[in-house]
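Okay, so here's the structure we're looking at.
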Amino acid sequence: VPYFSAMLRAYRTGEGHPYLYDTVWDVMRLIDYLSARPDVDGSRIGVIGLSKGGTEAYLAAAADERITAVVPLIGVQSFGWSLRHSAAWEARTWTLREAVEAAVADSGEAVNAAFVRKFYDRIAPGLVDRFDGPAMLPLIAPRPLLVVNGDSDPRSPLGGVREATASAKRAYEAARGAERFVLLLEVDAAHEVTSEADKATLDWLVRWLSPTTQ
């Protein structure tokens, strides 16, 4: 798979950042294009992302203030929190299994939190600290941010979700924009988006991207 091959190349050589960073760059270039179109109102650009796309959505919104409103779906997390808690890193890491296993074969090390930290540091430097969810979500404030996560999602453990969103909540309150931040925890939901959350997402974007709210 070219994606995992590119990730392994990044691990081995430092060439490129195919996991999250390069794709966030792509989102920003898409906004360049949209902003240049005469039929697009550049002051009303919203972004939705699902799973890894949800992580990309909040990273892009943190980096690019042209994003007016953002809804990361089942993608908000704290990579750092997961590494600090026993086995919490496993489910997210194994979505990258092919690249991780090849990197382990290169080094002869065991797959544990220390190795996973090294892996992330090579393919996406800063992902577990200065560019992690608790650091990035506050940068979106006070622009509208709806975070949707399942309360039983193994890929985005609830402890990490709460750490990231608590940081966001403090930033929104400090910016006097508390009503522009909402955490929607789907009850008894794993790595999925329920019909209720789907409706809430559409309602959120209609509310905040409507010309009357600009």
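Order determines the names: the first chain of the structure tokens is A, the second B, and so forth; residues in each chain are numbered 1 upward, and ligands are numbered 1 upward as they are shown.
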Val147 (chain A) environment, 7 Å, only C-alpha atoms, sequence neighbours closer than 2 positions dropped, as a ChimeraX atom specification: /A:71-73,145,149,182-184
Exercise: region 46-48 of chain A partners within 9 Å, only C-alpha atoms, chain neighbours under 4 positions left out, as a PyMOL selection string: chain A and resi 53-54+57-58+60-61+67-73+201+205+208-209
Backbone DSSP call of strand (DSSP E or B) for region 2-164 of chain A, listed as a list in words: Gly46, Val47, Ile48, Gly49, Leu50, Ala69, Val70, Val71, Pro72, Leu73, Leu145, Leu146, Val147, Val148, Asn149 and Gly150 of chain A
All residues 10 Å or closer to region 25-36 of chain A, only C-alpha atoms, same chain fewer than 2 positions away omitted, as a ChimeraX atom specification: /A:20-23,38-47,56-57,59-61,63-64,66-67
Counting only C-alpha atoms, the residue of A:Val24, A:Asp132, A:Glu192, A:Ala110 that sits nearest Leu50 (chain A):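 Ranked by minimum distance to Leu50 (chain A), first place goes to A:Glu192.
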Find the residues of region 45-142 of chain A that sit at most 9 Å from region 2-9 of chain A; for each, write down the nearest two atoms and how far apart they are in Å, to one decimal. Count only C-alpha atoms. Sort by chain, then by number going up, and give it as a Markdown table.
| residue | atom | partner | partner_atom | distance |
| --- | --- | --- | --- | --- |
| A:Leu96 | CA | A:Phe4 | CA | 7.3 |
| A:Arg97 | CA | A:Phe4 | CA | 8.7 |
| A:Glu98 | CA | A:Phe4 | CA | 6.5 |
| A:Ala99 | CA | A:Phe4 | CA | 5.3 |
| A:Val100 | CA | A:Leu8 | CA | 7.8 |
| A:Ala102 | CA | A:Leu8 | CA | 7.2 |
| A:Ala103 | CA | A:Leu8 | CA | 6.7 |
| A:Ile123 | CA | A:Met7 | CA | 6.5 |
Any chance you could export the current selection's C-alpha atoms as a short mmCIF file (atom, residue, chain, number, x, y, z; two decimals), in the first residue's frame?
data_model
loop_
_atom_site.label_atom_id
_atom_site.label_comp_id
_atom_site.auth_asym_id
_atom_site.auth_seq_id
_atom_site.Cartn_x
_atom_site.Cartn_y
_atom_site.Cartn_z
CA LEU A 96 -0.92 1.85 11.07
CA ARG A 97 -0.01 -1.80 11.60
CA GLU A 98 1.81 -2.50 8.34
CA ALA A 99 4.19 0.43 8.79
CA VAL A 100 4.66 -0.17 12.52
CA ALA A 102 8.03 -3.02 9.33
CA ALA A 103 9.63 -0.38 11.56
CA ILE A 123 6.76 10.16 11.08
#
All residues 10 Å or closer to Thr194 (chain A), only C-alpha atoms, same chain fewer than 6 positions away omitted, as a list in words: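 Near Thr194 (chain A), the qualifying residues are Val148, Asn149, Gly150, Glu186, Val187 and Ala200 of chain A.
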Filtering to N, CA and C atoms, could you give me those residues as a compact mmCIF listing (two decimals), in the first residue's frame?
# COMPACT_ATOMS: atom_id res chain seq x y z
N VAL A 148 -17.19 15.48 18.18
CA VAL A 148 -18.04 14.30 18.31
C VAL A 148 -17.16 13.08 18.52
N ASN A 149 -17.38 12.39 19.63
CA ASN A 149 -16.64 11.16 19.90
C ASN A 149 -17.55 10.15 20.60
N GLY A 150 -17.28 8.87 20.36
CA GLY A 150 -17.99 7.83 21.08
C GLY A 150 -17.42 7.66 22.47
N GLU A 186 -21.17 10.45 22.20
CA GLU A 186 -22.19 9.49 21.79
C GLU A 186 -22.23 8.35 22.82
N VAL A 187 -23.40 8.09 23.38
CA VAL A 187 -23.56 7.10 24.44
C VAL A 187 -23.52 5.69 23.86
N ALA A 200 -26.71 16.47 14.49
CA ALA A 200 -26.11 17.57 15.25
C ALA A 200 -25.02 18.26 14.46
